[in-house]
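Notes follow once the structure below has been shown.
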Amino acid sequence: MLSEGVSGARRKQRDVAPLLASEFTVICADLRGYGAGACPPSTPDHLPYSKHAMAAEMVELMEKFGFSEFMIGGHDRGGRVAYRMALDHPAVIRKLAVLDIVPTSTVWDQADDRFALGFWPWVLLAQAEPLPERLIADATGGCYRRCAYRLGSSAAAFPPKIREA
């Protein structure tokens, strides 16, 4: 199973998944609220979008596909969900690969004004609903471009067909 969280990571998943599929069954799942997947209503505490909730949902998905245990790799938000899966459901995870994350508690413990300005999506998404949802819905293109390109990816990393999607 490969779990991805942000569009910038999709390029890597697009490239890696076919290589892995030559030797493994590969399931690339969109996390809730990302991609074309479902977006259930949030709550003021965002529990439906917590890493606990997403981890449980991914374990349930894998069970539906007939996998009682599996290996998982995750990048960025997908890495956080994969990490949470290993903590919450250790019996089902045979191997774990987590890329490009620092533990969330470490990030918040060290957050300062530079962090708030440089990684504003973290601060925005931590606000009670419906503020983040409304702001993002009203400025989807700008939010996406700002996140994707300012936080490390060049526009050239995303072919036009991928940007359009």
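Following the order of the structure tokens, chains are lettered A, B, ..., residues in each are numbered from 1, and ligands are numbered from 1.
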All residues 8 Å or closer to A:Leu96, only C-alpha atoms, same chain fewer than 3 positions away omitted, as an mmCIF file with all heavy atoms, in the first residue's frame:
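Here's the written file around-v2.cif:
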data_model
loop_
_atom_site.group_PDB
_atom_site.id
_atom_site.type_symbol
_atom_site.label_atom_id
_atom_site.label_comp_id
_atom_site.auth_asym_id
_atom_site.auth_seq_id
_atom_site.Cartn_x
_atom_site.Cartn_y
_atom_site.Cartn_z
ATOM 1 N N MET A 71 2.671 -4.245 3.980
ATOM 2 C CA MET A 71 3.727 -3.236 4.077
ATOM 3 C C MET A 71 3.128 -1.921 3.607
ATOM 4 O O MET A 71 2.242 -1.911 2.751
ATOM 5 C CB MET A 71 4.907 -3.618 3.178
ATOM 6 C CG MET A 71 5.583 -4.908 3.590
ATOM 7 S SD MET A 71 6.949 -5.357 2.493
ATOM 8 C CE MET A 71 6.055 -6.107 1.143
ATOM 9 N N ILE A 72 3.606 -0.833 4.172
ATOM 10 C CA ILE A 72 3.089 0.475 3.768
ATOM 11 C C ILE A 72 4.230 1.474 3.640
ATOM 12 O O ILE A 72 5.177 1.464 4.422
ATOM 13 C CB ILE A 72 2.009 0.994 4.745
ATOM 14 C CG1 ILE A 72 1.435 2.332 4.248
ATOM 15 C CG2 ILE A 72 2.553 1.102 6.161
ATOM 16 C CD1 ILE A 72 0.197 2.789 4.965
ATOM 17 N N GLY A 73 4.104 2.326 2.645
ATOM 18 C CA GLY A 73 5.010 3.451 2.475
ATOM 19 C C GLY A 73 4.181 4.708 2.352
ATOM 20 O O GLY A 73 3.117 4.702 1.726
ATOM 21 N N ALA A 82 0.654 6.680 7.679
ATOM 22 C CA ALA A 82 1.333 5.384 7.752
ATOM 23 C C ALA A 82 1.978 5.186 9.128
ATOM 24 O O ALA A 82 1.884 4.109 9.728
ATOM 25 C CB ALA A 82 2.389 5.284 6.651
ATOM 26 N N TYR A 83 2.609 6.228 9.632
ATOM 27 C CA TYR A 83 3.234 6.208 10.958
ATOM 28 C C TYR A 83 2.181 5.935 12.032
ATOM 29 O O TYR A 83 2.366 5.122 12.927
ATOM 30 C CB TYR A 83 3.911 7.568 11.168
ATOM 31 C CG TYR A 83 4.590 7.796 12.480
ATOM 32 C CD1 TYR A 83 5.819 7.222 12.756
ATOM 33 C CD2 TYR A 83 4.018 8.630 13.438
ATOM 34 C CE1 TYR A 83 6.460 7.463 13.973
ATOM 35 C CE2 TYR A 83 4.645 8.881 14.645
ATOM 36 C CZ TYR A 83 5.872 8.285 14.905
ATOM 37 O OH TYR A 83 6.493 8.528 16.094
ATOM 38 N N ALA A 86 1.069 2.336 12.032
ATOM 39 C CA ALA A 86 2.026 1.455 12.720
ATOM 40 C C ALA A 86 1.885 1.570 14.235
ATOM 41 O O ALA A 86 2.041 0.576 14.946
ATOM 42 C CB ALA A 86 3.453 1.789 12.280
ATOM 43 N N ILE A 93 0.905 -4.183 10.280
ATOM 44 C CA ILE A 93 2.001 -3.580 9.513
ATOM 45 C C ILE A 93 3.231 -4.479 9.563
ATOM 46 O O ILE A 93 3.839 -4.650 10.621
ATOM 47 C CB ILE A 93 2.358 -2.167 10.045
ATOM 48 C CG1 ILE A 93 1.117 -1.270 10.081
ATOM 49 C CG2 ILE A 93 3.469 -1.542 9.201
ATOM 50 C CD1 ILE A 93 0.477 -1.011 8.740
#
Practice problem: From the DSSP assignment of the backbone, select every residue of stretch 22-136 of chain A that is strand (DSSP E), and format the answer as JSON, numbers by chain. | Solution: {"A": [28, 29, 30, 70, 71, 72, 73, 74, 75, 93, 94, 95, 96, 97, 98, 99]}
Write to file, as a PDB file, in the first residue's frame, the residues of the selection just made, with N, CA and C atoms.
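The resulting file, result17.pdb, is reproduced below:
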ATOM      1  N   CYS A  28      -2.797   2.212  -4.156  1.00  0.00           N
ATOM      2  CA  CYS A  28      -2.541   3.637  -3.915  1.00  0.00           C
ATOM      3  C   CYS A  28      -3.865   4.294  -3.553  1.00  0.00           C
ATOM      4  N   ALA A  29      -4.019   4.598  -2.297  1.00  0.00           N
ATOM      5  CA  ALA A  29      -5.291   5.131  -1.808  1.00  0.00           C
ATOM      6  C   ALA A  29      -5.188   6.628  -1.563  1.00  0.00           C
ATOM      7  N   ASP A  30      -6.224   7.345  -1.964  1.00  0.00           N
ATOM      8  CA  ASP A  30      -6.323   8.755  -1.584  1.00  0.00           C
ATOM      9  C   ASP A  30      -6.763   8.818  -0.135  1.00  0.00           C
ATOM     10  N   PHE A  70       0.198  -6.066   5.925  1.00  0.00           N
ATOM     11  CA  PHE A  70       0.770  -5.523   4.700  1.00  0.00           C
ATOM     12  C   PHE A  70       1.941  -4.603   5.022  1.00  0.00           C
ATOM     13  N   MET A  71       2.671  -4.245   3.980  1.00  0.00           N
ATOM     14  CA  MET A  71       3.727  -3.236   4.077  1.00  0.00           C
ATOM     15  C   MET A  71       3.128  -1.921   3.607  1.00  0.00           C
ATOM     16  N   ILE A  72       3.606  -0.833   4.172  1.00  0.00           N
ATOM     17  CA  ILE A  72       3.089   0.475   3.768  1.00  0.00           C
ATOM     18  C   ILE A  72       4.230   1.474   3.640  1.00  0.00           C
ATOM     19  N   GLY A  73       4.104   2.326   2.645  1.00  0.00           N
ATOM     20  CA  GLY A  73       5.010   3.451   2.475  1.00  0.00           C
ATOM     21  C   GLY A  73       4.181   4.708   2.352  1.00  0.00           C
ATOM     22  N   GLY A  74       4.628   5.765   2.975  1.00  0.00           N
ATOM     23  CA  GLY A  74       3.883   7.013   2.904  1.00  0.00           C
ATOM     24  C   GLY A  74       4.812   8.204   2.849  1.00  0.00           C
ATOM     25  N   HIS A  75       4.364   9.237   2.145  1.00  0.00           N
ATOM     26  CA  HIS A  75       5.117  10.477   1.987  1.00  0.00           C
ATOM     27  C   HIS A  75       4.278  11.631   2.519  1.00  0.00           C
ATOM     28  N   ILE A  93       0.905  -4.183  10.280  1.00  0.00           N
ATOM     29  CA  ILE A  93       2.001  -3.580   9.513  1.00  0.00           C
ATOM     30  C   ILE A  93       3.231  -4.479   9.563  1.00  0.00           C
ATOM     31  N   ARG A  94       3.610  -5.043   8.408  1.00  0.00           N
ATOM     32  CA  ARG A  94       4.813  -5.879   8.349  1.00  0.00           C
ATOM     33  C   ARG A  94       6.066  -5.032   8.206  1.00  0.00           C
ATOM     34  N   LYS A  95       5.999  -4.019   7.364  1.00  0.00           N
ATOM     35  CA  LYS A  95       7.131  -3.095   7.175  1.00  0.00           C
ATOM     36  C   LYS A  95       6.566  -1.711   6.915  1.00  0.00           C
ATOM     37  N   LEU A  96       7.332  -0.694   7.315  1.00  0.00           N
ATOM     38  CA  LEU A  96       6.898   0.693   7.205  1.00  0.00           C
ATOM     39  C   LEU A  96       8.028   1.524   6.608  1.00  0.00           C
ATOM     40  N   ALA A  97       7.688   2.341   5.612  1.00  0.00           N
ATOM     41  CA  ALA A  97       8.622   3.329   5.065  1.00  0.00           C
ATOM     42  C   ALA A  97       7.931   4.685   5.135  1.00  0.00           C
ATOM     43  N   VAL A  98       8.537   5.629   5.839  1.00  0.00           N
ATOM     44  CA  VAL A  98       7.981   6.960   6.009  1.00  0.00           C
ATOM     45  C   VAL A  98       8.978   7.961   5.443  1.00  0.00           C
ATOM     46  N   LEU A  99       8.509   8.791   4.529  1.00  0.00           N
ATOM     47  CA  LEU A  99       9.394   9.722   3.842  1.00  0.00           C
ATOM     48  C   LEU A  99       8.993  11.165   4.101  1.00  0.00           C
TER      49      LEU A  99
END
Who sits within 8 Å of stretch 58-62 of chain A, only C-alpha atoms, same chain under 6 positions skipped, as a tab-separated table (two decimals) with all heavy atoms, in the first residue's frame:
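Writing done, so here's selection07.tsv:
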chain	number	residue	atom	x	y	z
A	29	ALA	N	-4.02	4.60	-2.30
A	29	ALA	CA	-5.29	5.13	-1.81
A	29	ALA	C	-5.19	6.63	-1.56
A	29	ALA	O	-4.20	7.10	-1.01
A	29	ALA	CB	-5.67	4.42	-0.51
A	68	SER	N	-4.86	-8.83	5.68
A	68	SER	CA	-4.90	-8.72	7.13
A	68	SER	C	-3.59	-8.15	7.67
A	68	SER	O	-3.52	-7.72	8.83
A	68	SER	CB	-5.19	-10.08	7.77
A	68	SER	OG	-4.19	-11.01	7.39
A	85	MET	N	-0.68	4.45	11.55
A	85	MET	CA	-1.14	3.07	11.38
A	85	MET	C	-0.23	2.12	12.14
A	85	MET	O	-0.70	1.19	12.79
A	85	MET	CB	-1.16	2.69	9.90
A	85	MET	CG	-2.27	3.34	9.11
A	85	MET	SD	-2.10	3.11	7.33
A	85	MET	CE	-2.49	1.39	7.17
A	89	HIS	N	-2.07	0.25	14.92
A	89	HIS	CA	-2.42	-1.09	14.41
A	89	HIS	C	-1.15	-1.89	14.11
A	89	HIS	O	-0.94	-2.35	12.98
A	89	HIS	CB	-3.26	-0.96	13.13
A	89	HIS	CG	-4.44	-0.05	13.27
A	89	HIS	ND1	-5.65	-0.47	13.78
A	89	HIS	CD2	-4.59	1.27	12.99
A	89	HIS	CE1	-6.49	0.54	13.80
A	89	HIS	NE2	-5.87	1.61	13.33
A	92	VAL	N	-0.91	-5.31	11.99
A	92	VAL	CA	-1.17	-5.42	10.55
A	92	VAL	C	-0.02	-4.90	9.69
A	92	VAL	O	0.02	-5.17	8.49
A	92	VAL	CB	-2.49	-4.72	10.13
A	92	VAL	CG1	-3.67	-5.26	10.91
A	92	VAL	CG2	-2.39	-3.22	10.25
Check your understanding: Skipping near chain neighbours, those fewer than 4 positions away, what residues fall within 7 Å of stretch 47-52 of chain A using only C-alpha atoms, listed as a ChimeraX atom specification?
Key -> /A:42-43,56,80-81,84
Write the selection just made, keeping C-alpha atoms, as an mmCIF file, in the first residue's frame?
data_model
loop_
_atom_site.group_PDB
_atom_site.id
_atom_site.type_symbol
_atom_site.label_atom_id
_atom_site.label_comp_id
_atom_site.auth_asym_id
_atom_site.auth_seq_id
_atom_site.Cartn_x
_atom_site.Cartn_y
_atom_site.Cartn_z
ATOM 1 C CA SER A 42 -15.507 17.953 9.637
ATOM 2 C CA THR A 43 -16.065 18.862 13.265
ATOM 3 C CA ALA A 56 -8.225 3.253 10.830
ATOM 4 C CA ARG A 80 1.973 10.659 8.949
ATOM 5 C CA VAL A 81 -0.981 8.339 8.384
ATOM 6 C CA ARG A 84 -0.056 6.417 12.864
#
One decimal place gives the atom CA of A:Ala55-atom CA of A:Asp88 separation as 7.8 Å
Here atom CA of A:Ala139 and atom CA of A:Asp109 stand apart by 29.4 Å
A:Ile27 proximity check over A:Asp45, A:Cys39, A:Trp122, A:Phe67, using only C-alpha atoms: winner is A:Phe67
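Reported to one decimal place, the separation of atom CA of A:Pro130 from atom CA of A:Asp113 is 23.7 Å.
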Counting only C-alpha atoms, what is within 12 Å of A:Glu133, bar same-chain residues fewer than 4 positions away, as a CSV table (one decimal) with all heavy atoms, in the first residue's frame?
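Saved as part.csv:
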chain,number,residue,atom,x,y,z
A,33,GLY,N,-10.4,13.5,2.1
A,33,GLY,CA,-10.2,14.9,1.9
A,33,GLY,C,-9.2,15.3,0.8
A,33,GLY,O,-9.0,16.4,0.5
A,39,CYS,N,-15.1,13.5,1.1
A,39,CYS,CA,-14.8,14.5,2.0
A,39,CYS,C,-15.9,14.6,3.0
A,39,CYS,O,-16.8,15.5,2.9
A,39,CYS,CB,-14.6,15.9,1.3
A,39,CYS,SG,-13.2,16.0,0.2
A,40,PRO,N,-15.9,13.8,4.0
A,40,PRO,CA,-17.0,13.8,5.0
A,40,PRO,C,-16.9,15.2,5.8
A,40,PRO,O,-15.9,15.8,5.9
A,40,PRO,CB,-16.7,12.6,5.9
A,40,PRO,CG,-15.3,12.3,5.7
A,40,PRO,CD,-14.9,12.7,4.3
A,41,PRO,N,-18.0,15.6,6.3
A,41,PRO,CA,-18.0,16.8,7.1
A,41,PRO,C,-17.0,16.8,8.2
A,41,PRO,O,-16.8,15.7,8.8
A,41,PRO,CB,-19.5,16.9,7.6
A,41,PRO,CG,-20.3,16.0,6.8
A,41,PRO,CD,-19.3,14.9,6.3
A,42,SER,N,-16.4,17.9,8.5
A,42,SER,CA,-15.5,18.0,9.6
A,42,SER,C,-16.3,18.3,10.9
A,42,SER,O,-17.5,18.4,10.9
A,42,SER,CB,-14.4,19.0,9.4
A,42,SER,OG,-13.4,18.8,10.3
A,43,THR,N,-15.5,18.4,12.0
A,43,THR,CA,-16.1,18.9,13.3
A,43,THR,C,-15.1,19.9,13.8
A,43,THR,O,-14.0,20.1,13.3
A,43,THR,CB,-16.1,17.7,14.3
A,43,THR,OG1,-14.8,17.1,14.4
A,43,THR,CG2,-17.1,16.6,13.8
A,44,PRO,N,-15.5,20.7,14.8
A,44,PRO,CA,-14.6,21.8,15.3
A,44,PRO,C,-13.2,21.2,15.7
A,44,PRO,O,-12.2,21.9,15.5
A,44,PRO,CB,-15.4,22.3,16.5
A,44,PRO,CG,-16.8,22.1,16.1
A,44,PRO,CD,-16.8,20.8,15.4
A,46,HIS,N,-11.8,18.6,14.3
A,46,HIS,CA,-11.2,18.0,13.1
A,46,HIS,C,-11.0,16.5,13.3
A,46,HIS,O,-10.2,15.9,12.5
A,46,HIS,CB,-9.9,18.6,12.6
A,46,HIS,CG,-10.0,20.0,12.2
A,46,HIS,ND1,-10.8,20.4,11.1
A,46,HIS,CD2,-9.5,21.2,12.7
A,46,HIS,CE1,-10.7,21.8,11.0
A,46,HIS,NE2,-10.0,22.2,11.9
A,121,PRO,N,0.1,26.5,5.8
A,121,PRO,CA,-1.1,25.5,5.7
A,121,PRO,C,-1.2,24.8,7.0
A,121,PRO,O,-2.4,24.4,7.4
A,121,PRO,CB,-0.6,24.6,4.6
A,121,PRO,CG,0.2,25.4,3.7
A,121,PRO,CD,1.0,26.3,4.6
A,124,LEU,N,-3.1,27.2,9.2
A,124,LEU,CA,-4.5,27.3,8.7
A,124,LEU,C,-5.3,26.1,9.0
A,124,LEU,O,-6.4,26.1,9.5
A,124,LEU,CB,-4.5,27.6,7.2
A,124,LEU,CG,-5.8,27.6,6.5
A,124,LEU,CD1,-6.7,28.7,7.0
A,124,LEU,CD2,-5.7,27.6,5.0
A,125,LEU,N,-4.8,24.9,8.7
A,125,LEU,CA,-5.6,23.7,8.8
A,125,LEU,C,-5.8,23.3,10.3
A,125,LEU,O,-6.7,22.5,10.6
A,125,LEU,CB,-4.9,22.5,8.1
A,125,LEU,CG,-4.8,22.7,6.6
A,125,LEU,CD1,-4.0,21.6,6.0
A,125,LEU,CD2,-6.2,22.7,6.0
A,126,ALA,N,-5.1,23.9,11.2
A,126,ALA,CA,-5.3,23.6,12.6
A,126,ALA,C,-6.4,24.4,13.2
A,126,ALA,O,-6.8,24.2,14.3
A,126,ALA,CB,-4.0,23.9,13.4
A,127,GLN,N,-6.9,25.4,12.5
A,127,GLN,CA,-8.0,26.3,12.9
A,127,GLN,C,-9.3,25.4,12.9
A,127,GLN,O,-9.5,24.5,12.2
A,127,GLN,CB,-8.2,27.5,12.0
A,127,GLN,CG,-7.0,28.3,11.9
A,127,GLN,CD,-6.5,28.9,13.2
A,127,GLN,OE1,-7.3,29.4,14.0
A,127,GLN,NE2,-5.2,28.7,13.5
A,128,ALA,N,-10.2,25.8,13.8
A,128,ALA,CA,-11.5,25.1,13.9
A,128,ALA,C,-12.3,25.3,12.6
A,128,ALA,O,-12.2,26.3,11.9
A,128,ALA,CB,-12.3,25.7,15.1
A,129,GLU,N,-13.0,24.3,12.3
A,129,GLU,CA,-13.9,24.4,11.1
A,129,GLU,C,-15.0,25.3,11.4
A,129,GLU,O,-15.4,25.5,12.5
A,129,GLU,CB,-14.4,23.0,10.6
A,129,GLU,CG,-15.4,22.3,11.6
A,129,GLU,CD,-16.8,22.7,11.3
A,129,GLU,OE1,-17.2,23.0,10.2
A,129,GLU,OE2,-17.6,22.6,12.3
A,137,ALA,N,-11.9,26.5,-0.1
A,137,ALA,CA,-12.9,26.4,-1.1
A,137,ALA,C,-13.0,27.7,-2.0
A,137,ALA,O,-13.2,27.6,-3.2
A,137,ALA,CB,-14.2,26.0,-0.5
A,138,ASP,N,-12.8,28.8,-1.3
A,138,ASP,CA,-12.9,30.1,-2.0
A,138,ASP,C,-11.6,30.4,-2.8
A,138,ASP,O,-11.7,31.4,-3.6
A,138,ASP,CB,-13.2,31.2,-1.1
A,138,ASP,CG,-14.6,31.1,-0.5
A,138,ASP,OD1,-15.5,30.4,-1.1
A,138,ASP,OD2,-14.9,31.8,0.5
A,139,ALA,N,-10.5,29.8,-2.6
A,139,ALA,CA,-9.3,30.1,-3.2
A,139,ALA,C,-8.5,28.8,-3.6
A,139,ALA,O,-7.3,28.8,-3.4
A,139,ALA,CB,-8.5,31.0,-2.4
A,140,THR,N,-9.2,27.9,-4.1
A,140,THR,CA,-8.6,26.6,-4.4
A,140,THR,C,-7.3,26.7,-5.2
A,140,THR,O,-6.3,26.1,-4.9
A,140,THR,CB,-9.6,25.6,-5.1
A,140,THR,OG1,-10.7,25.5,-4.3
A,140,THR,CG2,-9.0,24.2,-5.3
A,143,CYS,N,-4.4,28.5,-3.4
A,143,CYS,CA,-3.9,27.7,-2.3
A,143,CYS,C,-3.1,26.6,-2.8
A,143,CYS,O,-2.0,26.3,-2.3
A,143,CYS,CB,-5.0,27.1,-1.4
A,143,CYS,SG,-5.8,28.3,-0.3
